[in-house]
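Student: First the structure, which I've put down as structure tokens, then a few questions once you've had a look.
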Amino acid sequence: MRPADFTLSAGPNDIPPQTRAALGSPILYHYDPAFIERFRVAEERIAAIYGTSSHEIILMQGEAVLGLEAAARAVVRPGMACLNLVSGVFGKSFGYWLTAIGADLREIEVPYDEAIDADAVAAYLDAHPEVEMVAVVHSETPSGTLNPVRELGPICRSRGVVTIVDCVSSFGGVELRPEEWQLDLLVAGPQKCLGGPPGMSLMAVSDEAWVLIGRNPAAPRGSFLSLLDWKEQWHGAGKFPFTPSVSDLHGVDAAARLLLEGGLDESIARHARVAAACRVGVVAMGLSIWPARDEIAAPCVTAVRVPDGLTDLRIRDHVRARYGVQFSGGQGAGPIIRIGHMGLSARPMYPIVGLAALGRGLLDLGVQADVGAGVAAALASLADSADAAEAPLAAAGLGA
Ligand SMILES: *Cc1c(COP(=O)(O)O)cnc(C)c1O
């Protein structure tokens, strides 16, 4: 089977040619000074995208799920009271790790088309001062929703509670300020809004998080999952705990460089603009958006409610086979089909392709959809956005 003509999935998606080329860079010995320099530069770029100078950056070698499990194991000891905030599939599965580690698990759970209420978290922490850690997903990709981490950070910090934030699909595409928002241990991945290859975990760790990790006798050491090994051996003594993924590092570095050249703010604005246009198009076509409110819709993906009588798989298979466009399903979050806006696919004409393929595919399958109205509305939204006139290539960091 040949690859899709347009990948509009929830990641990984296609990446810019410069990043693809960087993945083919020479394989260097990991203690070649040129590689060490590249590794340090990549760390600085990731810190710049996190917008922090006070967190320590750890680049772990393995898809972001590795970083998330490493974060949980570093912080949590058996019996520790942890509050897990669940508004979707990734939040729920983080709780399974916490349980496996033996945490005293508490959860605040909301329907998967909703977002966590910060006031409810503050009230819970006031009533349960034994809680030491709060876990939250910034952008719940399977349901296309955002959680208010900006409010949650200060609520937790002021109560001495450390936060673990899954920002895998918000990093580089949604405003996120760990330093200002007082968030502690953040885990991102390159294969979403950064527009890079899957295969690494991009982490930022606050002093507060290191203190808690340092007090945890169960925190892994001498392990592929160990954050402490990276801190002590790499940041402390300039020795890699093991050979890093040389090609992946080149890819991540190139993706971060391109994003920063185009401008972080511009990347965030572009994801917002494109996702807003897509949502407008979905509604104009006569379909429904999955998130309960527009304010909580994530910019990295548009989650569309699957029309009655169909399944996301049926639609995805049909659209992929007939029109060469690849979407994602809801990954168990509900009857959802997702159009991704990540990195390259967060450029203006991609949602138009997505809307056209989805709408026409639904018509083929017997569902009423006004494809023309949807496409026209999305185009009008793109044309109206204040800076839509800017060269899209430059905005995507491809003009350099
Ligand atoms: C993509 C993603 C991850 C990584 O999970 P995979 O299933 O391996 O892609 C983790 N958290 C969130 C919120 C994600 O979007």
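In the structure tokens, the first chain shown is A, the next is B, and so on; residue numbers restart at 1 for each chain, and ligands run from 1 in the order shown.
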Could I get the residue neighbourhood of ligand 1 at 9 Å, counting only C-alpha atoms and all ligand atoms, as a PyMOL selection string?
Tutor: chain A and resi 10-12+63-66+68+89-91+137-142+166-170+187-189+191-192+198+331
Student: Store the residues picked out above, limited to N, CA, C and O atoms, as a compact mmCIF listing (two decimals), in the first residue's frame.
Tutor:
# COMPACT_ATOMS: atom_id res chain seq x y z
N ALA A 10 -3.55 12.50 14.37
CA ALA A 10 -3.20 13.09 15.67
C ALA A 10 -1.72 12.83 15.98
O ALA A 10 -1.33 12.85 17.13
N GLY A 11 -0.91 12.60 15.00
CA GLY A 11 0.53 12.42 15.12
C GLY A 11 0.90 10.95 15.27
O GLY A 11 0.15 10.20 15.88
N PRO A 12 2.05 10.58 14.68
CA PRO A 12 2.93 11.44 13.90
C PRO A 12 2.35 11.80 12.53
O PRO A 12 1.57 11.05 11.96
N GLU A 63 9.84 7.14 22.87
CA GLU A 63 8.57 7.85 22.66
C GLU A 63 8.04 8.38 23.99
O GLU A 63 8.34 7.84 25.05
N ALA A 64 7.26 9.46 23.93
CA ALA A 64 6.85 10.19 25.13
C ALA A 64 6.22 9.34 26.22
O ALA A 64 6.27 9.70 27.41
N VAL A 65 5.65 8.21 25.86
CA VAL A 65 5.10 7.31 26.88
C VAL A 65 6.20 6.88 27.85
O VAL A 65 5.97 6.72 29.04
N LEU A 66 7.42 6.73 27.33
CA LEU A 66 8.54 6.39 28.20
C LEU A 66 8.78 7.53 29.20
O LEU A 66 8.96 7.28 30.40
N LEU A 68 6.66 9.71 30.27
CA LEU A 68 5.55 9.79 31.23
C LEU A 68 5.70 8.73 32.31
O LEU A 68 5.53 9.00 33.50
N VAL A 89 -8.49 9.90 27.77
CA VAL A 89 -7.81 8.61 27.71
C VAL A 89 -6.41 8.66 28.32
O VAL A 89 -6.01 7.76 29.07
N PHE A 90 -5.65 9.72 28.02
CA PHE A 90 -4.28 9.76 28.54
C PHE A 90 -4.27 10.00 30.04
O PHE A 90 -3.45 9.44 30.77
N GLY A 91 -5.18 10.83 30.53
CA GLY A 91 -5.28 11.03 31.97
C GLY A 91 -5.61 9.73 32.67
O GLY A 91 -5.01 9.36 33.68
N VAL A 137 -3.17 16.21 32.14
CA VAL A 137 -2.84 16.26 30.71
C VAL A 137 -3.23 17.64 30.20
O VAL A 137 -4.39 18.04 30.37
N HIS A 138 -2.29 18.36 29.63
CA HIS A 138 -2.61 19.70 29.12
C HIS A 138 -3.58 19.59 27.94
O HIS A 138 -4.66 20.16 27.97
N SER A 139 -3.17 18.86 26.93
CA SER A 139 -4.02 18.70 25.74
C SER A 139 -4.38 17.22 25.62
O SER A 139 -3.52 16.40 25.33
N GLU A 140 -5.66 16.92 25.89
CA GLU A 140 -6.13 15.51 25.81
C GLU A 140 -6.40 15.20 24.34
O GLU A 140 -7.52 15.38 23.85
N THR A 141 -5.41 14.76 23.66
CA THR A 141 -5.47 14.61 22.21
C THR A 141 -6.64 13.74 21.71
O THR A 141 -7.30 14.12 20.75
N PRO A 142 -6.92 12.57 22.34
CA PRO A 142 -7.99 11.73 21.80
C PRO A 142 -9.36 12.42 21.77
O PRO A 142 -10.18 12.14 20.90
N ASP A 166 1.41 16.14 31.31
CA ASP A 166 1.57 15.56 29.98
C ASP A 166 1.23 16.67 28.98
O ASP A 166 0.07 17.04 28.82
N CYS A 167 2.30 17.22 28.38
CA CYS A 167 2.08 18.29 27.39
C CYS A 167 2.55 17.80 26.02
O CYS A 167 3.02 18.59 25.21
N VAL A 168 2.41 16.50 25.80
CA VAL A 168 2.93 15.89 24.57
C VAL A 168 2.36 16.59 23.34
O VAL A 168 3.09 16.93 22.41
N SER A 169 1.04 16.83 23.33
CA SER A 169 0.45 17.37 22.12
C SER A 169 0.20 18.87 22.19
O SER A 169 -0.38 19.44 21.26
N SER A 170 0.63 19.53 23.27
CA SER A 170 0.50 20.98 23.30
C SER A 170 1.84 21.67 23.03
O SER A 170 1.88 22.79 22.52
N VAL A 187 6.30 16.64 30.31
CA VAL A 187 6.74 15.65 29.32
C VAL A 187 6.11 15.99 27.97
O VAL A 187 4.88 16.07 27.86
N ALA A 188 6.96 16.20 26.97
CA ALA A 188 6.48 16.47 25.61
C ALA A 188 7.04 15.43 24.66
O ALA A 188 7.92 14.64 25.01
N GLY A 189 6.51 15.44 23.45
CA GLY A 189 7.03 14.55 22.41
C GLY A 189 7.25 15.38 21.16
O GLY A 189 6.59 16.40 20.95
N GLN A 191 6.67 14.47 18.04
CA GLN A 191 5.88 14.05 16.86
C GLN A 191 4.52 14.70 16.76
O GLN A 191 3.71 14.30 15.95
N LYS A 192 4.27 15.70 17.59
CA LYS A 192 2.98 16.39 17.51
C LYS A 192 3.22 17.80 16.95
O LYS A 192 3.65 17.91 15.83
N PRO A 198 8.71 10.72 15.82
CA PRO A 198 8.48 10.10 17.13
C PRO A 198 9.76 9.41 17.60
O PRO A 198 10.60 9.06 16.77
N GLN A 331 -9.48 6.88 19.78
CA GLN A 331 -8.63 6.12 20.71
C GLN A 331 -9.37 5.71 21.98
O GLN A 331 -8.80 5.67 23.06
Student: Hey, what's within 10 Å of stretch 81-85 of chain A if we count only C-alpha atoms and toss same-chain stuff fewer than 6 positions away? As a short mmCIF file (atom, residue, chain, number, x, y, z; two decimals) with N, CA, C and O atoms, in the first residue's frame, please?
Tutor:
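Output (around06.cif):
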data_model
loop_
_atom_site.label_atom_id
_atom_site.label_comp_id
_atom_site.auth_asym_id
_atom_site.auth_seq_id
_atom_site.Cartn_x
_atom_site.Cartn_y
_atom_site.Cartn_z
N GLY A 91 -5.18 10.83 30.53
CA GLY A 91 -5.28 11.03 31.97
C GLY A 91 -5.61 9.73 32.67
O GLY A 91 -5.01 9.36 33.68
N LYS A 92 -6.58 9.01 32.10
CA LYS A 92 -7.00 7.74 32.72
C LYS A 92 -5.82 6.77 32.78
O LYS A 92 -5.59 6.13 33.80
N SER A 93 -5.08 6.67 31.69
CA SER A 93 -4.01 5.66 31.67
C SER A 93 -2.86 6.06 32.58
O SER A 93 -2.14 5.20 33.09
N PHE A 94 -2.68 7.35 32.84
CA PHE A 94 -1.63 7.74 33.80
C PHE A 94 -1.95 7.16 35.18
O PHE A 94 -1.05 6.75 35.90
N GLY A 95 -3.23 7.09 35.49
CA GLY A 95 -3.65 6.52 36.77
C GLY A 95 -3.29 5.03 36.89
O GLY A 95 -3.04 4.55 37.99
N LEU A 98 0.14 4.93 38.16
CA LEU A 98 0.19 5.32 39.58
C LEU A 98 -0.24 4.15 40.46
O LEU A 98 0.36 3.87 41.50
N THR A 99 -1.29 3.45 40.00
CA THR A 99 -1.75 2.28 40.75
C THR A 99 -0.68 1.20 40.76
O THR A 99 -0.40 0.59 41.80
N GLY A 102 1.86 1.69 43.22
CA GLY A 102 1.40 1.55 44.60
C GLY A 102 0.97 2.86 45.23
O GLY A 102 0.87 2.97 46.46
N ALA A 103 0.71 3.88 44.40
CA ALA A 103 0.26 5.17 44.93
C ALA A 103 -1.09 5.01 45.61
O ALA A 103 -1.88 4.12 45.27
N ASP A 104 -1.36 5.93 46.55
CA ASP A 104 -2.69 6.07 47.13
C ASP A 104 -3.43 7.01 46.16
O ASP A 104 -3.33 8.23 46.26
N LEU A 105 -4.12 6.40 45.19
CA LEU A 105 -4.63 7.16 44.04
C LEU A 105 -5.98 7.80 44.31
O LEU A 105 -6.94 7.13 44.71
N ARG A 106 -6.06 9.09 44.08
CA ARG A 106 -7.35 9.82 44.10
C ARG A 106 -7.53 10.35 42.69
O ARG A 106 -6.55 10.72 42.05
N GLU A 107 -8.79 10.43 42.25
CA GLU A 107 -9.02 10.98 40.92
C GLU A 107 -10.18 11.97 40.92
O GLU A 107 -11.17 11.77 41.62
N ILE A 108 -10.02 13.04 40.16
CA ILE A 108 -11.16 13.88 39.79
C ILE A 108 -11.37 13.61 38.31
O ILE A 108 -10.45 13.79 37.51
N GLU A 109 -12.56 13.11 37.99
CA GLU A 109 -12.82 12.72 36.61
C GLU A 109 -14.02 13.50 36.07
O GLU A 109 -15.01 13.67 36.77
N VAL A 110 -13.89 13.98 34.85
CA VAL A 110 -15.00 14.68 34.19
C VAL A 110 -15.30 13.93 32.89
O VAL A 110 -14.47 13.16 32.41
N ALA A 115 -13.52 19.69 30.43
CA ALA A 115 -12.20 19.99 30.97
C ALA A 115 -12.26 19.98 32.49
O ALA A 115 -13.34 20.15 33.09
N ILE A 116 -11.10 19.79 33.11
CA ILE A 116 -11.01 19.82 34.57
C ILE A 116 -11.32 21.23 35.09
O ILE A 116 -10.89 22.22 34.49
N ASP A 117 -12.04 21.29 36.20
CA ASP A 117 -12.38 22.57 36.83
C ASP A 117 -11.32 22.89 37.90
O ASP A 117 -11.18 22.15 38.87
N VAL A 121 -10.22 21.39 41.95
CA VAL A 121 -8.91 20.87 42.35
C VAL A 121 -8.44 21.60 43.61
O VAL A 121 -7.95 20.99 44.56
N TYR A 124 -10.34 20.28 46.53
CA TYR A 124 -9.90 18.93 46.90
C TYR A 124 -8.59 18.99 47.67
O TYR A 124 -8.43 18.34 48.71
N LEU A 125 -7.66 19.81 47.19
CA LEU A 125 -6.35 19.88 47.86
C LEU A 125 -6.49 20.49 49.25
O LEU A 125 -5.79 20.09 50.19
N HIS A 128 -7.68 17.79 51.43
CA HIS A 128 -6.80 16.62 51.50
C HIS A 128 -5.34 17.04 51.45
O HIS A 128 -4.64 16.81 50.45
N PRO A 129 -4.85 17.65 52.54
CA PRO A 129 -3.48 18.18 52.52
C PRO A 129 -2.41 17.09 52.41
O PRO A 129 -1.23 17.40 52.23
N GLU A 130 -2.83 15.81 52.49
CA GLU A 130 -1.84 14.73 52.37
C GLU A 130 -1.39 14.52 50.92
O GLU A 130 -0.38 13.85 50.67
N VAL A 131 -2.12 15.11 49.96
CA VAL A 131 -1.75 14.92 48.54
C VAL A 131 -0.42 15.62 48.25
O VAL A 131 -0.23 16.79 48.58
N GLU A 132 0.51 14.87 47.62
CA GLU A 132 1.83 15.43 47.32
C GLU A 132 2.05 15.70 45.83
O GLU A 132 2.97 16.40 45.45
N MET A 133 1.23 15.06 45.01
CA MET A 133 1.44 15.21 43.56
C MET A 133 0.09 15.28 42.84
O MET A 133 -0.84 14.57 43.22
N VAL A 134 0.02 16.16 41.83
CA VAL A 134 -1.15 16.23 40.95
C VAL A 134 -0.68 15.96 39.52
O VAL A 134 0.32 16.54 39.07
N ALA A 135 -1.37 15.06 38.83
CA ALA A 135 -1.04 14.76 37.44
C ALA A 135 -2.16 15.27 36.55
O ALA A 135 -3.34 15.11 36.86
N VAL A 136 -1.76 15.88 35.43
CA VAL A 136 -2.77 16.43 34.51
C VAL A 136 -2.25 16.38 33.07
O VAL A 136 -1.05 16.49 32.83
N VAL A 137 -3.17 16.21 32.14
CA VAL A 137 -2.84 16.26 30.71
C VAL A 137 -3.23 17.64 30.20
O VAL A 137 -4.39 18.04 30.37
N ASN A 147 -6.89 21.32 29.13
CA ASN A 147 -7.10 21.54 30.57
C ASN A 147 -6.40 22.81 31.02
O ASN A 147 -5.36 23.19 30.47
N VAL A 161 2.31 21.20 46.42
CA VAL A 161 2.05 19.98 45.64
C VAL A 161 2.80 20.06 44.31
O VAL A 161 2.76 21.08 43.63
N VAL A 162 3.48 18.98 43.95
CA VAL A 162 4.24 18.94 42.70
C VAL A 162 3.31 18.47 41.56
O VAL A 162 2.50 17.56 41.74
N THR A 163 3.45 19.12 40.39
CA THR A 163 2.61 18.74 39.24
C THR A 163 3.42 17.95 38.21
O THR A 163 4.58 18.26 37.95
N ILE A 164 2.77 16.93 37.66
CA ILE A 164 3.31 16.24 36.48
C ILE A 164 2.35 16.55 35.33
O ILE A 164 1.14 16.33 35.45
#
Student: Let's see if you can do this: from backbone DSSP, list all strand (DSSP E) residues in stretch 147-177 of chain A, as a list in words.
Tutor: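 Selection result, strand (DSSP E) within stretch 147-177 of chain A: Val162, Thr163, Ile164, Val165 and Asp166 of chain A.
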Student: Do you know which residues are at most 12 Å from A:Glu232 counting only C-alpha atoms, after dropping those on the same chain fewer than 2 positions away, and could you put them as a list in words?
Tutor: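 Here the answer would be Glu56, Ile58, Trp210, Gly214, Arg221, Gly222, Ser226, Leu227, Leu228, Asp229, Trp230, Trp234, His235, Gly236, Ala237, Gly238, Lys239, Phe240 and Pro241 of chain A.
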Student: Point out the residue among A:Val375, A:Val301, A:Leu152, A:Leu358 with the least atom-to-atom distance to A:Ser9, counting only C-alpha atoms.
Tutor: A:Val301
Student: Considering only C-alpha atoms, return as a list of chain:residue names whatever protein or nucleic-acid residues lie within 10 Å of A:Val325, sequence-local ones (same chain, fewer than 6 positions apart) excluded.
Tutor: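 Residues meeting the cut-off are A:Pro3, A:Ala4, A:Asp5, A:Phe6, A:Thr7, A:Leu8, A:Ser9, A:Arg316, A:Asp317, A:His318, A:Val319, A:Ile339, A:Val353, A:Gly354, A:Ala357, A:Leu358.
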Student: Which residues are near A:Ala284? Cut-off 12 Å, only C-alpha atoms, ignore same chain within fewer than 5 positions. Put them as a compact mmCIF listing (two decimals) with N, CA and C atoms, in the first residue's frame.
Tutor:
# COMPACT_ATOMS: atom_id res chain seq x y z
N ALA A 277 -10.46 27.57 12.17
CA ALA A 277 -11.07 27.49 10.83
C ALA A 277 -11.68 26.11 10.62
N CYS A 278 -11.00 25.10 11.08
CA CYS A 278 -11.50 23.73 10.89
C CYS A 278 -12.80 23.52 11.66
N ARG A 279 -12.83 24.02 12.89
CA ARG A 279 -14.06 23.86 13.70
C ARG A 279 -15.25 24.58 13.05
N ILE A 289 -18.90 19.30 16.71
CA ILE A 289 -17.59 19.25 17.37
C ILE A 289 -17.75 18.43 18.64
N LEU A 355 -11.42 18.82 5.58
CA LEU A 355 -12.88 19.03 5.56
C LEU A 355 -13.49 18.47 4.27
N GLY A 359 -16.06 15.48 4.49
CA GLY A 359 -17.43 15.76 4.05
C GLY A 359 -17.85 14.89 2.89
N ALA A 369 -24.07 16.02 4.47
CA ALA A 369 -23.03 16.96 4.86
C ALA A 369 -22.93 18.00 3.77
N ASP A 370 -22.97 19.27 4.15
CA ASP A 370 -22.85 20.34 3.17
C ASP A 370 -21.36 20.68 2.99
N VAL A 371 -20.74 19.92 2.09
CA VAL A 371 -19.28 20.03 1.94
C VAL A 371 -18.90 21.45 1.51
N GLY A 372 -19.64 21.99 0.57
CA GLY A 372 -19.32 23.33 0.05
C GLY A 372 -19.40 24.39 1.13
N ALA A 373 -20.46 24.32 1.95
CA ALA A 373 -20.62 25.31 3.02
C ALA A 373 -19.49 25.18 4.04
N GLY A 374 -19.09 23.94 4.33
CA GLY A 374 -18.01 23.72 5.30
C GLY A 374 -16.70 24.28 4.81
N VAL A 375 -16.37 23.99 3.56
CA VAL A 375 -15.10 24.46 3.00
C VAL A 375 -15.12 26.00 2.90
N ALA A 376 -16.26 26.55 2.46
CA ALA A 376 -16.35 28.01 2.32
C ALA A 376 -16.20 28.70 3.67
N ALA A 377 -16.82 28.14 4.69
CA ALA A 377 -16.75 28.77 6.02
C ALA A 377 -15.33 28.72 6.56
N ALA A 378 -14.66 27.59 6.36
CA ALA A 378 -13.28 27.47 6.85
C ALA A 378 -12.37 28.45 6.10
N LEU A 379 -12.56 28.56 4.80
CA LEU A 379 -11.74 29.50 4.02
C LEU A 379 -12.00 30.94 4.47
N ALA A 380 -13.26 31.26 4.73
CA ALA A 380 -13.58 32.62 5.19
C ALA A 380 -12.91 32.89 6.52
N SER A 381 -12.90 31.89 7.39
CA SER A 381 -12.26 32.06 8.70
C SER A 381 -10.76 32.29 8.54
